[in-house]
file input-v5.txt (compact mmCIF, C-alpha atoms)
# COMPACT_ATOMS: atom_id res chain seq x y z
CA MET A 346 128.81 40.54 194.74
CA GLU A 347 129.56 43.53 196.94
CA PRO A 348 132.56 45.78 196.34
CA GLU A 349 134.87 46.67 199.18
CA ASN A 350 136.60 50.04 199.46
CA ILE A 351 140.32 50.46 199.73
CA PHE A 352 139.94 53.65 201.80
CA GLU A 353 137.62 52.10 204.37
CA SER A 354 138.04 49.69 207.31
CA ILE A 355 141.39 51.20 208.24
CA PRO A 356 142.71 49.32 211.29
CA ASP A 357 142.59 51.31 214.54
CA ASN A 358 145.91 49.90 215.64
CA LEU A 359 148.70 51.05 213.35
CA THR A 360 151.50 50.36 215.81
CA GLU A 361 152.75 48.00 213.13
CA GLU A 362 152.33 48.36 209.39
CA VAL A 363 149.24 46.31 208.37
CA PHE A 364 149.29 43.90 205.41
CA GLU A 365 145.92 42.57 204.20
CA LEU A 366 145.41 40.00 201.48
CA ILE A 367 142.92 40.97 198.76
CA VAL A 368 143.55 38.37 196.04
CA GLN A 369 145.66 35.22 196.13
CA SER A 370 146.03 32.85 193.20
CA SER A 371 148.79 30.50 192.10
CA THR A 372 150.36 33.32 190.10
CA VAL A 373 149.43 36.61 191.75
CA LYS A 374 148.98 38.13 195.18
CA ILE A 375 147.29 41.49 195.69
CA GLU A 376 147.62 43.17 199.08
CA ARG A 377 146.65 46.39 200.78
CA ILE A 378 149.30 47.86 203.04
CA VAL A 379 148.54 50.61 205.54
CA SER A 380 151.51 52.52 206.94
CA ARG A 381 151.73 55.56 209.20
CA GLY A 382 155.27 56.70 209.74
CA HIS A 383 156.64 53.20 209.26
CA CYS A 384 159.78 52.17 207.46
CA SER A 385 160.13 48.59 206.30
CA PRO A 386 161.77 46.25 206.62
CA GLU A 387 163.06 47.57 209.92
CA SER A 388 166.57 46.50 209.00
CA GLY A 389 168.07 45.33 205.74
CA TRP A 390 166.26 45.17 202.41
CA TYR A 391 163.35 43.56 200.70
CA ASP A 392 164.85 41.02 198.28
CA GLN A 393 161.85 39.31 196.72
CA ASP A 394 161.52 36.30 194.44
CA LYS A 395 158.56 37.89 192.64
CA ASN A 396 158.14 41.11 190.72
CA GLU A 397 156.08 43.69 192.59
CA TRP A 398 153.97 46.47 191.13
CA ILE A 399 152.93 49.11 193.66
CA VAL A 400 150.58 52.06 193.61
CA VAL A 401 150.06 54.61 196.39
CA MET A 402 146.35 55.22 196.88
CA LYS A 403 146.74 57.85 199.61
CA GLY A 404 149.55 59.44 201.62
CA GLU A 405 153.22 59.81 200.81
CA ALA A 406 156.28 57.61 200.94
CA ILE A 407 159.91 57.34 199.93
CA ILE A 408 161.34 54.08 198.64
CA CYS A 409 165.09 53.69 198.31
CA PHE A 410 167.19 51.20 196.43
CA GLU A 411 170.55 49.61 197.11
CA ASP A 412 172.32 52.19 194.91
CA ASN A 413 170.91 54.90 197.26
CA LYS A 414 168.52 56.15 194.61
CA LYS A 415 165.36 57.49 196.26
CA VAL A 416 161.90 57.63 194.77
CA ASN A 417 159.21 59.94 196.16
CA LEU A 418 155.69 58.58 195.93
CA LYS A 419 152.36 60.35 196.43
CA SER A 420 148.73 59.54 195.68
CA GLY A 421 148.57 57.84 192.28
CA SER A 422 152.30 57.13 191.98
CA HIS A 423 153.04 53.67 190.68
CA LEU A 424 156.24 51.74 190.23
CA ASN A 425 157.27 48.31 189.03
CA ILE A 426 160.00 46.66 191.12
CA PRO A 427 161.61 43.66 189.42
CA ALA A 428 162.30 40.53 191.48
CA HIS A 429 165.49 40.72 193.53
CA LEU A 430 165.91 44.45 193.13
CA LYS A 431 166.74 45.29 196.73
CA HIS A 432 164.61 48.08 198.14
CA ARG A 433 163.15 49.43 201.33
CA VAL A 434 160.51 51.89 202.43
CA LYS A 435 162.64 54.68 203.88
CA TRP A 436 159.82 56.96 204.99
CA THR A 437 156.07 57.20 205.16
CA ASP A 438 154.07 60.23 206.25
CA PRO A 439 153.71 60.10 210.05
CA ASP A 440 150.60 62.29 210.08
CA VAL A 441 148.24 60.36 207.78
CA GLU A 442 147.83 56.78 206.70
CA THR A 443 149.65 55.82 203.55
CA ILE A 444 147.57 53.22 201.72
CA TRP A 445 149.35 51.07 199.16
CA LEU A 446 148.22 48.43 196.75
CA THR A 447 150.80 45.87 195.75
CA VAL A 448 150.60 43.19 193.08
CA HIS A 449 153.18 40.41 193.44
CA TYR A 450 153.51 38.42 190.23
CA MET B 1480 163.57 54.28 188.21
CA GLU B 1481 160.92 56.97 187.92
CA PRO B 1482 157.37 56.44 189.10
CA GLU B 1483 154.46 57.32 186.86
CA ASN B 1484 151.17 58.68 188.17
CA ILE B 1485 147.84 57.07 187.50
CA PHE B 1486 146.04 60.43 187.62
CA GLU B 1487 148.32 62.12 185.09
CA SER B 1488 148.74 61.97 181.30
CA ILE B 1489 145.01 61.62 180.75
CA PRO B 1490 144.39 61.37 177.00
CA ASP B 1491 142.82 64.48 175.46
CA ASN B 1492 140.66 62.39 173.19
CA LEU B 1493 138.15 60.36 175.18
CA THR B 1494 135.78 59.75 172.27
CA GLU B 1495 136.53 56.10 172.93
CA GLU B 1496 137.38 54.49 176.25
CA VAL B 1497 141.19 54.32 176.54
CA PHE B 1498 143.01 51.13 177.62
CA GLU B 1499 146.72 51.46 178.50
CA LEU B 1500 149.03 48.62 179.40
CA ILE B 1501 151.03 49.09 182.61
CA VAL B 1502 152.42 45.60 183.28
CA GLN B 1503 152.39 42.50 181.08
CA SER B 1504 153.92 39.19 182.10
CA SER B 1505 153.16 35.60 181.20
CA THR B 1506 150.68 35.44 184.09
CA VAL B 1507 149.36 38.93 184.73
CA LYS B 1508 148.27 42.02 182.85
CA ILE B 1509 147.73 45.36 184.60
CA GLU B 1510 145.94 48.11 182.70
CA ARG B 1511 144.68 51.61 183.26
CA ILE B 1512 141.28 52.34 181.73
CA VAL B 1513 139.96 55.87 181.34
CA SER B 1514 136.22 56.24 180.70
CA ARG B 1515 133.98 59.30 180.47
CA GLY B 1516 130.38 58.39 180.00
CA HIS B 1517 131.24 55.15 178.23
CA CYS B 1518 129.55 51.81 178.57
CA SER B 1519 131.41 48.72 177.49
CA PRO B 1520 131.29 46.51 175.63
CA GLU B 1521 128.88 48.47 173.44
CA SER B 1522 126.77 45.38 172.96
CA GLY B 1523 126.77 42.03 174.72
CA TRP B 1524 128.97 41.06 177.67
CA TYR B 1525 132.55 40.69 178.72
CA ASP B 1526 133.12 36.94 179.00
CA GLN B 1527 136.80 36.63 179.89
CA ASP B 1528 139.12 33.65 180.16
CA LYS B 1529 141.00 35.27 183.04
CA ASN B 1530 139.95 36.50 186.45
CA GLU B 1531 139.91 40.27 186.73
CA TRP B 1532 140.39 42.39 189.83
CA ILE B 1533 139.35 46.01 189.41
CA VAL B 1534 139.69 49.15 191.50
CA VAL B 1535 138.21 52.55 190.72
CA MET B 1536 140.82 55.24 191.34
CA LYS B 1537 138.57 58.20 190.48
CA GLY B 1538 135.05 58.78 189.19
CA GLU B 1539 131.97 56.58 189.39
CA ALA B 1540 130.66 53.59 187.52
CA ILE B 1541 128.01 50.89 187.54
CA ILE B 1542 128.84 47.34 186.53
CA CYS B 1543 126.05 44.88 185.89
CA PHE B 1544 126.01 41.12 185.69
CA GLU B 1545 123.99 38.67 183.65
CA ASP B 1546 121.55 38.13 186.52
CA ASN B 1547 120.82 41.91 186.37
CA LYS B 1548 122.59 42.54 189.66
CA LYS B 1549 124.14 46.01 189.62
CA VAL B 1550 127.17 47.17 191.55
CA ASN B 1551 127.86 50.86 192.16
CA LEU B 1552 131.52 51.77 192.25
CA LYS B 1553 133.19 54.98 193.42
CA SER B 1554 136.73 56.03 194.24
CA GLY B 1555 138.44 53.19 196.11
CA SER B 1556 135.81 50.54 195.29
CA HIS B 1557 137.33 47.21 194.33
CA LEU B 1558 135.82 44.00 193.05
CA ASN B 1559 137.07 40.59 191.95
CA ILE B 1560 135.35 39.22 188.84
CA PRO B 1561 135.97 35.50 188.29
CA ALA B 1562 136.74 34.28 184.76
CA HIS B 1563 133.64 33.80 182.59
CA LEU B 1564 131.35 35.72 184.90
CA LYS B 1565 129.55 37.78 182.27
CA HIS B 1566 129.50 41.48 183.05
CA ARG B 1567 129.40 44.88 181.46
CA VAL B 1568 130.02 48.48 182.39
CA LYS B 1569 126.50 49.87 182.36
CA TRP B 1570 127.35 53.47 183.20
CA THR B 1571 130.29 55.76 183.90
CA ASP B 1572 130.07 59.37 185.03
CA PRO B 1573 129.74 61.55 181.90
CA ASP B 1574 131.11 64.66 183.66
CA VAL B 1575 134.50 63.45 184.91
CA GLU B 1576 136.98 60.81 183.91
CA THR B 1577 136.59 57.48 185.62
CA ILE B 1578 140.04 55.96 186.07
CA TRP B 1579 140.19 52.22 186.64
CA LEU B 1580 143.00 49.83 187.37
CA THR B 1581 142.46 46.26 186.31
CA VAL B 1582 144.56 43.21 187.05
CA HIS B 1583 143.91 40.23 184.77
CA TYR B 1584 145.31 37.04 186.23
call {"tool": "encode", "arguments": {"input": "input-v5.txt", "output": "structure tokens"}}
result
Amino acid sequence: MEPENIFESIPDNLTEEVFELIVQSSTVKIERIVSRGHCSPESGWYDQDKNEWIVVMKGEAIICFEDNKKVNLKSGSHLNIPAHLKHRVKWTDPDVETIWLTVHY
Amino acid sequence: MEPENIFESIPDNLTEEVFELIVQSSTVKIERIVSRGHCSPESGWYDQDKNEWIVVMKGEAIICFEDNKKVNLKSGSHLNIPAHLKHRVKWTDPDVETIWLTVHY
């Protein structure tokens, strides 16, 4: 059993935000997301059937919600986003990778 | 909605390892664990009904398994431990806090 490292094996091509599956079960999905200057989704909002817990491992980001509330996130920031709470990633640092972990449950 | 930070609000008293609940649903439990020099459990093995995915946010640790295999973990290391795979935390850095995130699912 060899551990992997969340800060390693960063994709060379970050033209698009990169989503990588870490754990998938019938009840939970854990992903790594690597962003560099991306916003997402490109238009509209995430409106998800599952709850999502996120933690920023590295970098900086701003998430905004439908009521225009903005949340600034930096290394170590974590946030629980209930299902169907509409949100989007408004900004990620364009100069370094922002590495996120997300747990969909 | 205010984010919290995984690196902040470290308990002053680390005589015992500190487990803090972050998310609890019917299917998933996310915890922060703060260790400083602790091994756990103090005797025997963890033998858990649920799968557990762990990531070390800060610090260093060694986990060992019943077959004596040892895994060294540092910041960013992550590992998926299937249910009932007996394991224990053999060592954590005594000089700094080791901050873990665990997802039981």
call {"tool": "closest_atom_pairs", "arguments": {"input": "input-v5.txt", "of": "chain A", "to": "chain B", "cutoff": "7 Å", "atoms": "all atoms listed in the file", "output": "Markdown table"}}
result
| residue | atom | partner | partner_atom | distance |
| --- | --- | --- | --- | --- |
| A:Glu347 | CA | B:Val1550 | CA | 6.9 |
| A:Pro348 | CA | B:Leu1558 | CA | 5.0 |
| A:Glu349 | CA | B:His1557 | CA | 5.5 |
| A:Asn350 | CA | B:Ser1556 | CA | 4.3 |
| A:Ile351 | CA | B:Gly1555 | CA | 4.9 |
| A:Phe352 | CA | B:Gly1555 | CA | 5.9 |
| A:Thr372 | CA | B:Thr1506 | CA | 6.4 |
| A:Val373 | CA | B:Tyr1584 | CA | 6.9 |
| A:Val416 | CA | B:Glu1481 | CA | 7.0 |
| A:Gly421 | CA | B:Ile1485 | CA | 4.9 |
| A:Ser422 | CA | B:Asn1484 | CA | 4.3 |
| A:His423 | CA | B:Pro1482 | CA | 5.4 |
| A:Leu424 | CA | B:Pro1482 | CA | 5.0 |
| A:Tyr450 | CA | B:Val1507 | CA | 6.9 |
call {"tool": "closest_residue", "arguments": {"input": "input-v5.txt", "among": "A:Asp438, A:Glu361, A:Glu405, A:Glu411", "to": "Tyr391 of chain A", "atoms": "only C-alpha atoms"}}
result
A:Glu411
call {"tool": "closest_residue", "arguments": {"input": "input-v5.txt", "among": "B:Thr1571, B:Thr1577, B:Asn1492, B:Asn1547", "to": "Trp1524 of chain B", "atoms": "all atoms listed in the file"}}
result
B:Asn1547
call {"tool": "atom_distance", "arguments": {"input": "input-v5.txt", "atom1": "atom CA of Pro1561 of chain B", "atom2": "atom CA of Arg1515 of chain B"}}
result
25.1 Å
call {"tool": "atom_distance", "arguments": {"input": "input-v5.txt", "atom1": "atom CA of His383 of chain A", "atom2": "atom CA of Thr1581 of chain B"}}
result
27.9 Å
call {"tool": "atom_distance", "arguments": {"input": "input-v5.txt", "atom1": "atom CA of Trp445 of chain A", "atom2": "atom CA of Glu1576 of chain B"}}
result
21.9 Å
call {"tool": "residues_around", "arguments": {"input": "input-v5.txt", "residues": "Glu365 of chain A", "least_positions_apart": "6", "cutoff": "8 Å", "atoms": "all atoms listed in the file", "output": "compact mmCIF listing (two decimals) with C-alpha atoms, in the coordinates of the input"}}
result
# COMPACT_ATOMS: atom_id res chain seq x y z
CA GLU A 376 147.62 43.17 199.08
CA ARG A 377 146.65 46.39 200.78
CA ILE A 378 149.30 47.86 203.04
call {"tool": "residues_around", "arguments": {"input": "input-v5.txt", "residues": "Asp1526 of chain B", "least_positions_apart": "6", "cutoff": "9 Å", "atoms": "all atoms listed in the file", "output": "list in words"}}
result
Ala1562, His1563, Leu1564, Lys1565 and His1566 of chain B
